[in-house]
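Colleague: What follows is protein27.cif, mmCIF, C-alpha atoms.
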data_input
loop_
_atom_site.label_atom_id
_atom_site.label_comp_id
_atom_site.auth_asym_id
_atom_site.auth_seq_id
_atom_site.Cartn_x
_atom_site.Cartn_y
_atom_site.Cartn_z
CA MET A 1 -119.96 -45.37 -24.26
CA ASN A 2 -119.76 -46.40 -27.90
CA THR A 3 -120.97 -43.91 -30.50
CA ALA A 4 -122.53 -44.53 -33.93
CA ASP A 5 -121.70 -42.85 -37.23
CA GLU A 6 -124.38 -40.25 -38.08
CA ARG A 7 -124.06 -40.90 -41.82
CA THR A 8 -124.75 -44.61 -41.39
CA ILE A 9 -127.96 -43.88 -39.47
CA THR A 10 -129.05 -41.28 -42.06
CA ILE A 11 -128.49 -43.68 -45.01
CA ALA A 12 -130.31 -46.45 -43.15
CA LEU A 13 -133.33 -44.18 -42.54
CA ILE A 14 -133.46 -43.10 -46.21
CA LEU A 15 -133.22 -46.66 -47.51
CA THR A 16 -135.87 -47.86 -45.08
CA ALA A 17 -138.23 -45.01 -46.07
CA MET A 18 -137.73 -45.70 -49.79
CA MET A 19 -138.33 -49.41 -49.36
CA LEU A 20 -141.53 -48.81 -47.40
CA GLY A 21 -142.59 -46.20 -49.99
CA TRP A 22 -142.05 -48.68 -52.86
CA ILE A 23 -144.05 -51.30 -51.01
CA THR A 24 -146.90 -49.00 -49.99
CA GLY A 25 -146.74 -46.62 -52.93
CA GLU A 26 -146.51 -43.66 -50.49
CA LEU A 27 -142.90 -42.65 -50.97
CA ALA A 28 -143.42 -38.99 -49.95
CA TRP A 29 -145.10 -39.86 -46.68
CA CYS A 30 -142.47 -42.47 -45.88
CA LEU A 31 -139.68 -39.94 -46.50
CA PHE A 32 -141.58 -37.41 -44.34
CA PHE A 33 -141.89 -39.82 -41.43
CA GLY A 34 -138.26 -40.85 -41.88
CA SER A 35 -137.29 -37.16 -41.61
CA LEU A 36 -139.31 -36.83 -38.42
CA ILE A 37 -137.49 -39.83 -36.95
CA TRP A 38 -134.14 -38.31 -37.97
CA ILE A 39 -135.13 -35.00 -36.33
CA GLY A 40 -136.27 -36.84 -33.18
CA ILE A 41 -132.97 -38.69 -32.92
CA HIS A 42 -130.99 -35.46 -33.18
CA TYR A 43 -133.33 -33.69 -30.75
CA ALA A 44 -132.72 -36.48 -28.23
CA GLU A 45 -128.98 -36.10 -28.76
CA PHE A 46 -129.31 -32.34 -28.25
CA ASN A 47 -131.17 -32.90 -24.97
CA LYS A 48 -128.41 -35.26 -23.82
CA LEU A 49 -125.82 -32.58 -24.62
CA ARG A 50 -127.84 -29.94 -22.78
CA GLU A 51 -128.25 -32.16 -19.71
CA TRP A 52 -124.53 -32.91 -19.74
CA SER A 53 -123.72 -29.17 -19.82
CA TYR A 54 -125.37 -28.81 -16.40
CA ARG A 55 -122.94 -31.35 -14.92
CA PRO A 56 -119.99 -31.51 -17.30
CA LEU A 57 -117.72 -33.54 -15.00
CA GLY A 58 -119.26 -36.84 -16.16
CA ARG A 59 -118.71 -38.46 -19.57
CA PRO A 60 -121.16 -37.27 -22.32
CA ARG A 61 -124.02 -39.73 -22.99
CA ASN A 62 -124.47 -38.91 -26.69
CA ALA A 63 -124.86 -41.96 -28.94
CA LEU A 64 -124.01 -40.20 -32.24
CA ASP A 65 -120.33 -39.53 -32.79
CA GLN A 66 -120.85 -35.98 -34.16
CA TRP A 67 -122.79 -34.88 -31.09
CA PHE A 68 -120.34 -36.73 -28.85
CA ALA A 69 -117.45 -34.88 -30.52
CA VAL A 70 -119.08 -31.55 -29.68
CA ALA A 71 -119.05 -32.39 -25.95
CA TYR A 72 -115.90 -34.49 -25.78
CA GLU A 73 -113.33 -31.70 -26.25
CA PRO A 74 -114.71 -29.59 -23.36
CA TYR A 75 -115.09 -32.80 -21.34
CA ARG A 76 -111.43 -33.72 -21.97
CA LEU A 77 -110.24 -30.24 -20.95
CA LEU A 78 -112.40 -30.28 -17.85
CA THR A 79 -111.12 -33.72 -16.92
CA ARG A 80 -107.52 -32.57 -17.28
CA GLU A 81 -108.15 -29.46 -15.17
CA ARG A 82 -110.01 -31.54 -12.61
CA GLU A 83 -107.05 -33.89 -12.29
CA ARG A 84 -104.71 -30.93 -12.02
CA THR A 85 -106.89 -29.36 -9.34
CA ARG A 86 -106.99 -32.68 -7.49
CA ASN A 87 -103.19 -32.88 -7.53
CA ILE A 88 -102.88 -29.29 -6.32
CA ALA A 89 -105.38 -29.94 -3.55
CA MET A 90 -103.48 -33.08 -2.55
CA ARG A 91 -100.23 -31.14 -2.39
CA LEU A 92 -101.90 -28.40 -0.38
CA ARG A 93 -103.19 -30.99 2.06
CA GLU A 94 -99.66 -32.36 2.35
CA VAL A 95 -98.30 -28.86 2.99
CA VAL A 96 -100.99 -28.20 5.60
CA GLY A 97 -100.21 -31.56 7.16
CA LEU A 98 -96.53 -30.65 7.34
CA THR A 99 -97.32 -27.36 9.08
CA GLU A 100 -99.18 -29.32 11.76
CA VAL A 101 -96.01 -31.13 12.83
CA ILE A 102 -94.08 -27.85 13.06
CA PRO A 103 -93.95 -26.61 16.67
CA ASP A 104 -93.86 -23.00 15.46
CA ALA A 105 -96.96 -21.05 14.52
CA VAL A 106 -97.54 -20.89 10.74
CA ILE A 107 -99.93 -18.26 9.41
CA ILE A 108 -100.60 -17.70 5.69
CA LEU A 109 -101.93 -14.23 4.87
CA SER A 110 -103.46 -12.92 1.67
CA SER A 111 -102.22 -9.75 -0.02
CA ALA A 112 -104.91 -7.86 1.93
CA GLY A 113 -103.63 -9.22 5.27
CA ASN A 114 -106.47 -11.67 5.76
CA ILE A 115 -105.85 -15.08 7.31
CA GLU A 116 -105.94 -17.88 4.73
CA ASN A 117 -104.55 -20.77 6.75
CA ILE A 118 -103.20 -21.51 10.23
CA ASN A 119 -101.76 -24.52 12.00
CA SER A 120 -102.49 -25.84 15.48
CA ALA A 121 -99.49 -24.05 17.00
CA ALA A 122 -100.84 -20.69 15.78
CA LYS A 123 -104.20 -21.46 17.34
CA ALA A 124 -102.57 -22.24 20.69
CA MET A 125 -100.01 -19.42 20.74
CA LEU A 126 -102.23 -16.60 19.49
CA GLN A 127 -105.68 -18.04 20.32
CA ILE A 128 -106.82 -17.96 16.71
CA THR A 129 -109.73 -20.25 15.76
CA ASP A 130 -110.95 -21.69 12.46
CA LYS A 131 -113.74 -19.10 12.52
CA ASP A 132 -111.10 -16.37 12.20
CA VAL A 133 -109.90 -17.67 8.82
CA GLY A 134 -110.79 -15.04 6.23
CA LEU A 135 -110.60 -12.17 8.71
CA SER A 136 -107.82 -9.62 9.01
CA LEU A 137 -105.00 -10.67 11.34
CA ALA A 138 -104.85 -7.10 12.69
CA SER A 139 -108.41 -7.46 14.00
CA ILE A 140 -107.66 -10.78 15.75
CA VAL A 141 -104.19 -10.35 17.26
CA ARG A 142 -103.75 -7.25 19.41
CA SER A 143 -100.03 -6.72 18.92
CA PRO A 144 -99.08 -3.40 17.28
CA PRO A 145 -95.40 -4.40 16.78
CA LEU A 146 -96.44 -7.58 14.95
CA ILE A 147 -98.97 -5.81 12.73
CA GLN A 148 -96.46 -3.09 11.90
CA PHE A 149 -93.90 -5.80 11.10
CA ILE A 150 -96.32 -7.46 8.66
CA ARG A 151 -97.28 -4.24 6.93
CA ALA A 152 -93.70 -2.95 6.61
CA ASP A 153 -91.71 -3.43 3.42
CA GLY A 154 -89.11 -6.16 3.43
CA GLY A 155 -89.23 -7.94 6.77
CA ALA A 156 -85.95 -9.82 6.44
CA ASN A 157 -84.97 -9.17 10.06
CA PRO A 158 -86.91 -11.19 12.66
CA LEU A 159 -89.10 -9.40 15.17
CA GLU A 160 -89.05 -10.16 18.89
CA PHE A 161 -92.26 -9.16 20.65
CA THR A 162 -94.23 -9.91 23.80
CA SER A 163 -97.10 -12.37 23.56
CA PRO A 164 -100.46 -10.54 23.38
CA ILE A 165 -101.97 -13.38 25.44
CA ASN A 166 -99.34 -13.92 28.13
CA PRO A 167 -97.00 -11.01 28.93
CA ASP A 168 -94.51 -13.44 30.50
CA LYS A 169 -93.82 -15.06 27.12
CA SER A 170 -91.67 -13.75 24.28
CA PHE A 171 -92.17 -14.60 20.61
CA GLU A 172 -90.01 -14.23 17.53
CA ALA A 173 -91.67 -13.63 14.15
CA ARG A 174 -90.19 -14.21 10.69
CA ARG A 175 -91.89 -13.11 7.50
CA PHE A 176 -91.63 -14.57 4.00
CA ASP A 177 -93.30 -12.84 1.04
CA VAL A 178 -94.38 -15.09 -1.86
CA ASP A 179 -94.74 -14.17 -5.55
CA THR A 180 -98.52 -14.64 -5.39
CA GLY A 181 -98.79 -11.69 -3.00
CA ARG A 182 -99.27 -13.91 0.00
CA THR A 183 -97.23 -13.69 3.20
CA VAL A 184 -96.10 -16.66 5.27
CA LEU A 185 -95.59 -15.79 8.94
CA LEU A 186 -93.56 -18.05 11.24
CA ILE A 187 -93.77 -17.36 14.98
CA ARG A 188 -91.86 -19.31 17.64
CA ASP A 189 -91.81 -19.16 21.41
CA ILE A 190 -88.38 -17.96 22.59
CA SER A 191 -89.26 -17.59 26.28
CA ASP A 192 -87.16 -20.58 27.31
CA LEU A 193 -84.28 -19.44 25.11
CA ASN A 194 -84.32 -15.97 26.67
CA ARG A 195 -84.52 -17.52 30.12
CA LEU A 196 -81.48 -19.69 29.36
CA LEU A 197 -79.57 -16.69 28.03
CA THR A 198 -80.43 -14.75 31.17
CA MET A 199 -79.35 -17.68 33.34
CA ARG A 200 -76.08 -17.93 31.43
CA GLN A 201 -75.41 -14.23 31.87
CA SER A 202 -76.29 -14.46 35.56
CA PHE A 203 -74.07 -17.50 35.93
CA VAL A 204 -71.08 -15.72 34.39
CA ALA A 205 -71.72 -12.66 36.56
CA ASN A 206 -72.14 -14.77 39.72
CA ILE A 207 -69.10 -16.96 39.17
CA SER A 208 -67.03 -13.86 38.44
CA HIS A 209 -68.31 -12.27 41.64
CA GLU A 210 -67.66 -15.40 43.71
CA LEU A 211 -64.08 -15.71 42.42
CA ARG A 212 -63.22 -12.01 42.63
CA THR A 213 -63.17 -11.82 46.45
CA PRO A 214 -60.80 -14.76 47.14
CA LEU A 215 -58.64 -13.82 44.16
CA THR A 216 -58.34 -10.28 45.51
CA VAL A 217 -57.29 -11.64 48.89
CA VAL A 218 -54.77 -14.02 47.32
CA THR A 219 -53.38 -11.21 45.15
CA GLY A 220 -52.94 -8.97 48.18
CA TYR A 221 -51.09 -11.64 50.15
CA LEU A 222 -48.88 -12.51 47.17
CA GLU A 223 -47.93 -8.87 46.78
CA ASN A 224 -46.86 -8.77 50.40
CA LEU A 225 -44.97 -12.05 50.07
CA SER A 226 -43.08 -10.75 47.08
CA ASP A 227 -42.19 -7.47 48.80
CA PRO A 228 -38.46 -7.75 49.65
CA SER A 229 -38.70 -4.84 52.07
CA LEU A 230 -40.78 -6.94 54.52
CA PRO A 231 -38.85 -9.10 56.97
CA LEU A 232 -39.07 -12.85 56.46
CA GLU A 233 -40.69 -13.36 59.86
CA LEU A 234 -43.62 -11.16 58.70
CA ARG A 235 -43.98 -12.80 55.28
CA LEU A 236 -44.05 -16.43 56.40
CA PRO A 237 -47.29 -16.15 58.46
CA LEU A 238 -49.03 -14.76 55.36
CA THR A 239 -48.75 -18.13 53.64
CA GLU A 240 -51.16 -19.65 56.14
CA LYS A 241 -53.72 -16.97 55.38
CA LEU A 242 -53.76 -18.08 51.74
CA ASN A 243 -55.39 -21.38 52.72
CA ALA A 244 -58.89 -19.96 53.28
CA PRO A 245 -59.36 -18.11 49.94
CA VAL A 246 -57.63 -20.89 47.97
CA SER A 247 -59.81 -23.47 49.71
CA ARG A 248 -62.90 -21.42 48.87
CA MET A 249 -61.97 -21.28 45.19
CA GLN A 250 -61.17 -24.99 45.17
CA THR A 251 -64.53 -25.81 46.74
CA LEU A 252 -66.31 -23.61 44.22
CA VAL A 253 -64.60 -25.32 41.29
CA GLU A 254 -65.30 -28.78 42.71
CA ASP A 255 -68.98 -27.93 43.19
CA LEU A 256 -69.21 -26.62 39.65
CA LEU A 257 -67.63 -29.78 38.25
CA LEU A 258 -69.96 -31.96 40.34
CA LEU A 259 -73.01 -29.99 39.26
CA THR A 260 -71.98 -30.25 35.60
CA GLN A 261 -71.52 -34.00 35.98
CA LEU A 262 -74.95 -34.39 37.59
CA GLU A 263 -76.65 -32.31 34.90
CA SER A 264 -75.00 -34.20 32.04
CA SER A 265 -76.79 -37.49 32.76
CA PRO A 266 -80.31 -38.17 34.10
CA ILE A 267 -79.28 -41.56 35.55
CA ALA A 268 -77.03 -42.04 38.55
CA GLY A 269 -73.82 -43.95 37.87
CA ARG A 270 -72.71 -47.09 39.73
CA GLN A 271 -76.03 -47.73 41.43
CA GLN A 272 -75.93 -50.22 44.28
CA PRO A 273 -77.77 -50.85 47.55
CA VAL A 274 -77.07 -47.94 49.88
CA ASN A 275 -77.29 -48.03 53.68
CA MET A 276 -78.52 -44.53 54.41
CA HIS A 277 -77.63 -44.81 58.12
CA ALA A 278 -73.94 -44.84 57.20
CA VAL A 279 -74.40 -42.09 54.58
CA ILE A 280 -76.17 -39.83 57.09
CA ALA A 281 -73.52 -40.47 59.74
CA ALA A 282 -70.72 -39.60 57.29
CA ALA A 283 -72.52 -36.42 56.20
CA TYR A 284 -72.94 -35.38 59.84
CA ASP A 285 -69.23 -35.91 60.50
CA GLU A 286 -68.46 -33.66 57.53
CA VAL A 287 -70.60 -30.71 58.66
CA LYS A 288 -70.51 -31.00 62.45
CA ASN A 289 -67.73 -28.41 62.68
CA LEU A 290 -70.15 -25.87 61.18
CA GLN A 291 -72.55 -26.21 64.14
CA THR A 292 -73.00 -23.17 66.33
CA SER A 293 -73.55 -25.47 69.33
CA ASP A 294 -72.50 -29.03 70.08
CA ASP A 295 -76.04 -30.44 70.03
CA GLN A 296 -77.53 -28.27 67.30
CA ILE A 297 -78.11 -31.20 64.89
CA SER A 298 -80.25 -34.15 65.97
CA ILE A 299 -80.43 -37.27 63.78
CA ARG A 300 -83.30 -39.74 63.92
CA CYS A 301 -83.18 -42.84 61.71
CA GLU A 302 -86.50 -44.67 62.12
CA SER A 303 -86.31 -46.66 58.88
CA ASP A 304 -83.93 -49.55 58.28
CA LYS A 305 -84.72 -49.77 54.56
CA THR A 306 -82.04 -49.45 51.92
CA ILE A 307 -82.35 -47.76 48.54
CA LEU A 308 -80.67 -48.26 45.19
CA GLY A 309 -78.41 -45.39 44.24
CA ASN A 310 -75.00 -43.76 44.19
CA GLU A 311 -73.56 -43.46 47.71
CA LYS A 312 -71.34 -40.48 46.87
CA GLU A 313 -74.23 -38.48 45.39
CA LEU A 314 -76.56 -39.32 48.28
CA HIS A 315 -73.81 -38.25 50.71
CA SER A 316 -73.66 -34.93 48.86
CA VAL A 317 -77.44 -34.56 49.22
CA CYS A 318 -77.33 -35.06 53.01
CA ALA A 319 -74.26 -32.87 53.54
CA ASN A 320 -75.61 -29.99 51.45
CA LEU A 321 -79.03 -30.04 53.12
CA LEU A 322 -77.44 -30.03 56.58
CA SER A 323 -74.89 -27.30 55.78
CA ASN A 324 -77.61 -25.19 54.18
CA ALA A 325 -79.78 -25.51 57.31
CA ILE A 326 -76.86 -24.55 59.55
CA ARG A 327 -75.98 -21.46 57.54
CA TYR A 328 -79.53 -20.13 57.54
CA SER A 329 -80.44 -20.92 61.14
CA PRO A 330 -79.86 -18.56 64.07
CA THR A 331 -77.09 -19.48 66.50
CA GLY A 332 -77.95 -22.55 68.54
CA MET A 333 -81.39 -23.14 66.95
CA PRO A 334 -82.07 -26.90 66.59
CA ILE A 335 -81.87 -28.74 63.27
CA SER A 336 -83.20 -32.26 62.79
CA LEU A 337 -82.45 -34.83 60.10
CA ASN A 338 -84.96 -37.67 59.83
CA TRP A 339 -84.89 -40.92 57.84
CA CYS A 340 -88.36 -42.44 58.13
CA ASN A 341 -91.02 -44.50 56.38
CA VAL A 342 -93.90 -42.67 54.69
CA GLU A 343 -96.50 -45.09 53.31
CA ASP A 344 -94.72 -47.16 50.62
CA ARG A 345 -91.77 -44.76 50.39
CA VAL A 346 -88.86 -43.81 52.59
CA ARG A 347 -88.21 -40.13 53.29
CA LEU A 348 -85.16 -38.01 54.04
CA GLU A 349 -86.01 -34.67 55.62
CA VAL A 350 -84.12 -31.80 57.20
CA VAL A 351 -86.08 -29.40 59.42
CA ASP A 352 -84.68 -26.14 60.77
CA GLN A 353 -86.02 -23.33 62.97
CA GLY A 354 -84.60 -20.50 60.87
CA GLY A 355 -86.25 -17.36 59.63
CA GLY A 356 -88.20 -19.14 56.92
CA ILE A 357 -88.48 -18.44 53.20
CA ALA A 358 -91.04 -16.30 51.39
CA LYS A 359 -93.14 -18.13 48.80
CA GLU A 360 -91.79 -16.14 45.87
CA HIS A 361 -88.27 -17.44 46.55
CA ILE A 362 -89.02 -21.15 47.07
CA GLY A 363 -89.25 -22.00 43.36
CA ARG A 364 -85.84 -20.49 42.66
CA LEU A 365 -83.82 -21.87 45.56
CA THR A 366 -82.33 -24.65 43.43
CA GLU A 367 -80.97 -22.24 40.81
CA ARG A 368 -77.22 -21.75 40.68
CA PHE A 369 -75.99 -19.00 43.02
CA TYR A 370 -79.53 -17.94 43.90
CA ARG A 371 -79.55 -16.45 47.39
CA ILE A 372 -82.29 -14.58 49.16
CA ASP A 373 -79.88 -12.41 51.14
CA MET A 374 -76.62 -12.27 49.21
CA ALA A 375 -74.67 -10.42 51.92
CA GLY A 376 -75.89 -12.63 54.74
CA ALA A 377 -75.43 -15.81 52.73
CA ARG A 378 -71.90 -14.89 51.72
CA SER A 379 -70.92 -14.15 55.32
CA ARG A 380 -72.03 -17.68 56.28
CA GLY A 381 -69.87 -19.26 53.60
CA GLY A 382 -70.93 -21.77 50.97
CA THR A 383 -70.77 -21.54 47.21
CA GLY A 384 -74.45 -21.00 46.41
CA LEU A 385 -74.52 -24.31 44.50
CA GLY A 386 -75.57 -26.69 47.26
CA LEU A 387 -79.30 -26.89 46.56
CA ALA A 388 -78.68 -27.02 42.79
CA ILE A 389 -76.47 -30.07 43.41
CA VAL A 390 -79.17 -31.60 45.62
CA LYS A 391 -81.83 -31.06 42.96
CA HIS A 392 -79.92 -32.78 40.15
CA ALA A 393 -78.61 -35.58 42.37
CA LEU A 394 -82.19 -36.40 43.40
CA LEU A 395 -83.41 -36.29 39.79
CA ARG A 396 -80.84 -38.99 39.01
CA HIS A 397 -82.42 -41.08 41.79
CA ALA A 398 -86.02 -40.68 40.53
CA SER A 399 -86.79 -38.23 43.33
CA GLN A 400 -87.15 -34.50 43.76
CA LEU A 401 -86.52 -31.90 46.43
CA ARG A 402 -89.62 -30.49 48.09
CA ILE A 403 -89.57 -27.38 50.23
CA GLU A 404 -92.11 -26.21 52.79
CA SER A 405 -91.47 -22.95 54.60
CA GLU A 406 -93.12 -19.97 56.22
CA VAL A 407 -91.49 -16.69 57.14
CA GLY A 408 -90.63 -16.79 60.83
CA ALA A 409 -91.53 -20.47 61.21
CA GLY A 410 -88.52 -22.30 59.79
CA SER A 411 -88.18 -24.56 56.76
CA ARG A 412 -88.57 -28.22 55.86
CA PHE A 413 -86.61 -29.81 53.01
CA TYR A 414 -87.52 -33.41 52.14
CA CYS A 415 -87.35 -36.01 49.38
CA ASP A 416 -88.84 -39.50 48.97
CA PHE A 417 -87.20 -42.68 47.64
CA GLN A 418 -88.51 -46.08 46.66
CA PRO A 419 -87.08 -48.75 48.96
CA LEU A 420 -84.92 -51.39 47.34
CA ASP A 421 -87.00 -54.35 48.54
CA GLU A 422 -90.15 -52.90 46.89
CA LYS A 423 -88.25 -52.40 43.62
CA ASN A 424 -87.22 -56.03 43.66
CA ASP A 425 -90.77 -57.13 44.45
CA SER A 426 -92.16 -55.09 41.57
CA SER A 427 -89.61 -56.56 39.14
#
Can you present the structure in this file as structure tokens?
Modeller:
Amino acid sequence: MNTADERTITIALILTAMMLGWITGELAWCLFFGSLIWIGIHYAEFNKLREWSYRPLGRPRNALDQWFAVAYEPYRLLTRERERTRNIAMRLREVVGLTEVIPDAVIILSSAGNIENINSAAKAMLQITDKDVGLSLASIVRSPPLIQFIRADGGANPLEFTSPINPDKSFEARRFDVDTGRTVLLIRDISDLNRLLTMRQSFVANISHELRTPLTVVTGYLENLSDPSLPLELRLPLTEKLNAPVSRMQTLVEDLLLLTQLESSPIAGRQQPVNMHAVIAAAYDEVKNLQTSDDQISIRCESDKTILGNEKELHSVCANLLSNAIRYSPTGMPISLNWCNVEDRVRLEVVDQGGGIAKEHIGRLTERFYRIDMAGARSRGGTGLGLAIVKHALLRHASQLRIESEVGAGSRFYCDFQPLDEKNDSS
């Protein structure tokens, strides 16, 4: 808005009043009315300034430059602070947006311990809502270790604590104190990490246990072989007894290498059409010596469909399922392996009449070295890796192992595949 010079308007009013007074002969009255007009103009400018003061974010509407100058300096300062506030708000929105993509919980606390901001992860992990913003965190989250961690001095060391919502989950909290008196709290879910650490420790303990027995046997035989006081005719037969423990260790190492290979890639290598009749027959030939009776295993191949996969890995699946069923079935109890059509899929299933499996164990059967009865399982042989190998081999073939069992009623292990002809049709 353009402004006018106050002096120019004043001089123009005086000259106009004098000219009218010279014409009319009433100079005093003309100057009086000119003064009233001058006062009215300034009163109007004052009213504009007063109205602007109620909403000072807009530009002043004063027409006279002197009145405009009175409002312009505050207006300029307010405009600068408004722009600064807008930039700060934009940066805060960016920071809040960044916290939303962080999978960890982010909680910003005031110096009094009240919640100022939270991200979506914090809402999910600790069940905090937007209505809780402004309230004390201690009144929302019922976790004494966490509250004590926040209130303590320092806080450089992270805190591991149990989730106040789900006792099966573990969280780790880190605290960062800012110069403004605020506290930034980062909380992450470490349940999976702890589970992996536990599995690693169990794996090391189990593999050590599995190797200790055959190594002890081998060491004992080697000590006897190296004893010069024993006659040669007594030492030579000991060499044959080394075969069993050495073979056990070799099998264990081979199973570990195979399992590592299967876990390292989600896709089976060298996929080609596989005739499962031949794979099943080869697997039966491999495990038939483990039977407790000549006709313990019955094979029924009702489907003639082929699947796309890795023949070696599918052979391992069949052999491990059969050997597992033999080891956990009473002597002479029948075991059946079926290859059959189920709707648009083809199914491989192994059914035994063993003692069955309790529900709490079924979900863990495919873990490495997991055995329900360690002593009984070890006496039947095996490495404890068979079902873990089956699980990962099936995952590489877009399938999964399913287990149905009841205590005292036997078990049923099965997996479904997509037939090759249907894959080709769909492509």
Colleague: Written as a VMD selection string, which residues does the PyMOL selection byres ((chain A and resi 320-324) around 9) give for the file shown?
Modeller: chain A and resid 283 to 284 287 to 288 290 to 291 297 315 to 319 325 to 329 335 to 337 349 to 350 382 386 to 387 389 to 390 413
Colleague: Measure the distance from CA of Leu256 in chain A to CA of Pro273 in chain A in Å and round it to one decimal.
Modeller: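 Going from CA of Leu256 in chain A over to CA of Pro273 in chain A covers 26.9 Å.
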Colleague: CA of Leu394 in chain A and CA of Cys415 in chain A, how far apart in Å?
Modeller: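 The value is 7.9 Å.
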Colleague: Give me, please, the distance in Å between CA of Arg86 in chain A and CA of Ser111 in chain A, quoted to one decimal.
Modeller: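 Distance between the two atoms: 24.6 Å.
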Colleague: Using all atoms listed in the file, which of the listed residues (A:Thr306, A:Asn338, A:Gln353, A:Asn114) sits closest to Phe417 in chain A?
Modeller: A:Thr306
Colleague: Check the smallest atom-to-atom distance from each of A:Ala138, A:Ile118, A:Ala12, A:Ile108 to Asp177 in chain A using only C-alpha atoms, then report the winner.
Modeller: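 Residue with the minimum atom-to-atom distance to Asp177 in chain A: A:Ile108.
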Colleague: From the list A:Pro144, A:Pro245, A:Gly332, A:Gly355, which residue is nearest Ser163 in chain A when using all atoms listed in the file?
Modeller: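 Ranked by minimum distance to Ser163 in chain A, first place goes to A:Pro144.
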Colleague: Apply the PyMOL selection byres ((chain A and resi 404) around 10) to the file shown and report the selected residues as a JSON list (two decimals) with C-alpha atoms, in the coordinates of the input.
Modeller:
[["chain", "number", "residue", "atom", "x", "y", "z"],
["A", 351, "VAL", "CA", -86.08, -29.40, 59.42],
["A", 356, "GLY", "CA", -88.20, -19.14, 56.92],
["A", 357, "ILE", "CA", -88.48, -18.44, 53.20],
["A", 359, "LYS", "CA", -93.14, -18.13, 48.80],
["A", 362, "ILE", "CA", -89.02, -21.15, 47.07],
["A", 402, "ARG", "CA", -89.62, -30.49, 48.09],
["A", 403, "ILE", "CA", -89.57, -27.38, 50.23],
["A", 405, "SER", "CA", -91.47, -22.95, 54.60],
["A", 406, "GLU", "CA", -93.12, -19.97, 56.22],
["A", 410, "GLY", "CA", -88.52, -22.30, 59.79],
["A", 411, "SER", "CA", -88.18, -24.56, 56.76],
["A", 412, "ARG", "CA", -88.57, -28.22, 55.86],
["A", 413, "PHE", "CA", -86.61, -29.81, 53.01],
["A", 414, "TYR", "CA", -87.52, -33.41, 52.14]]
Colleague: Taking (-83.5, -39.2, 38.0) in the file's coordinates as the center, which residues reach within 10 Å of it, counting all atoms listed in the file, put as a list in words?
Modeller: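 Residues lying no farther than 10 Å from the given point: Leu262, Ser265, Pro266, Ile267, Ala268, Lys391, His392, Ala393, Leu394, Leu395, Arg396, His397, Ala398, Ser399 and Gln400 of chain A.
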Colleague: Please identify all polymer residues within 9 Å of Glu160 in chain A, counting all atoms listed in the file, omitting same-chain residues fewer than 4 positions from it, and present them as a count of residues only.
Modeller: 7
Colleague: Just say which residues the PyMOL selection byres ((chain A and resi 157) around 12) picks in this file, as a ChimeraX atom specification.
Modeller: /A:149-150,152-156,158-160,172-176
Colleague: As a PDB file, keeping the file's coordinate frame, could you write out range 174-185 of chain A once it has been completed with N, CA and C atoms?
Modeller:
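Output (out13.pdb):
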ATOM      1  N   ARG A 174     -90.916 -14.315  11.967  1.00  0.00           N
ATOM      2  CA  ARG A 174     -90.190 -14.210  10.690  1.00  0.00           C
ATOM      3  C   ARG A 174     -91.220 -14.158   9.576  1.00  0.00           C
ATOM      4  N   ARG A 175     -90.929 -13.351   8.585  1.00  0.00           N
ATOM      5  CA  ARG A 175     -91.890 -13.110   7.500  1.00  0.00           C
ATOM      6  C   ARG A 175     -91.276 -13.485   6.165  1.00  0.00           C
ATOM      7  N   PHE A 176     -92.072 -14.179   5.335  1.00  0.00           N
ATOM      8  CA  PHE A 176     -91.630 -14.570   4.000  1.00  0.00           C
ATOM      9  C   PHE A 176     -92.715 -14.174   3.000  1.00  0.00           C
ATOM     10  N   ASP A 177     -92.359 -13.291   2.062  1.00  0.00           N
ATOM     11  CA  ASP A 177     -93.300 -12.840   1.040  1.00  0.00           C
ATOM     12  C   ASP A 177     -93.183 -13.739  -0.195  1.00  0.00           C
ATOM     13  N   VAL A 178     -94.352 -14.201  -0.705  1.00  0.00           N
ATOM     14  CA  VAL A 178     -94.380 -15.090  -1.860  1.00  0.00           C
ATOM     15  C   VAL A 178     -94.784 -14.296  -3.106  1.00  0.00           C
ATOM     16  N   ASP A 179     -94.470 -14.866  -4.289  1.00  0.00           N
ATOM     17  CA  ASP A 179     -94.740 -14.170  -5.550  1.00  0.00           C
ATOM     18  C   ASP A 179     -96.236 -13.929  -5.765  1.00  0.00           C
ATOM     19  N   THR A 180     -97.070 -14.776  -5.188  1.00  0.00           N
ATOM     20  CA  THR A 180     -98.520 -14.640  -5.390  1.00  0.00           C
ATOM     21  C   THR A 180     -99.107 -13.488  -4.587  1.00  0.00           C
ATOM     22  N   GLY A 181     -98.293 -12.781  -3.832  1.00  0.00           N
ATOM     23  CA  GLY A 181     -98.790 -11.690  -3.000  1.00  0.00           C
ATOM     24  C   GLY A 181     -99.108 -12.120  -1.593  1.00  0.00           C
ATOM     25  N   ARG A 182     -99.000 -13.424  -1.349  1.00  0.00           N
ATOM     26  CA  ARG A 182     -99.270 -13.910   0.000  1.00  0.00           C
ATOM     27  C   ARG A 182     -98.053 -13.722   0.896  1.00  0.00           C
ATOM     28  N   THR A 183     -98.296 -13.808   2.196  1.00  0.00           N
ATOM     29  CA  THR A 183     -97.230 -13.690   3.200  1.00  0.00           C
ATOM     30  C   THR A 183     -97.317 -14.884   4.132  1.00  0.00           C
ATOM     31  N   VAL A 184     -96.176 -15.548   4.329  1.00  0.00           N
ATOM     32  CA  VAL A 184     -96.100 -16.660   5.270  1.00  0.00           C
ATOM     33  C   VAL A 184     -95.408 -16.140   6.535  1.00  0.00           C
ATOM     34  N   LEU A 185     -96.077 -16.300   7.652  1.00  0.00           N
ATOM     35  CA  LEU A 185     -95.590 -15.790   8.940  1.00  0.00           C
ATOM     36  C   LEU A 185     -95.247 -16.978   9.829  1.00  0.00           C
TER      37      LEU A 185
END
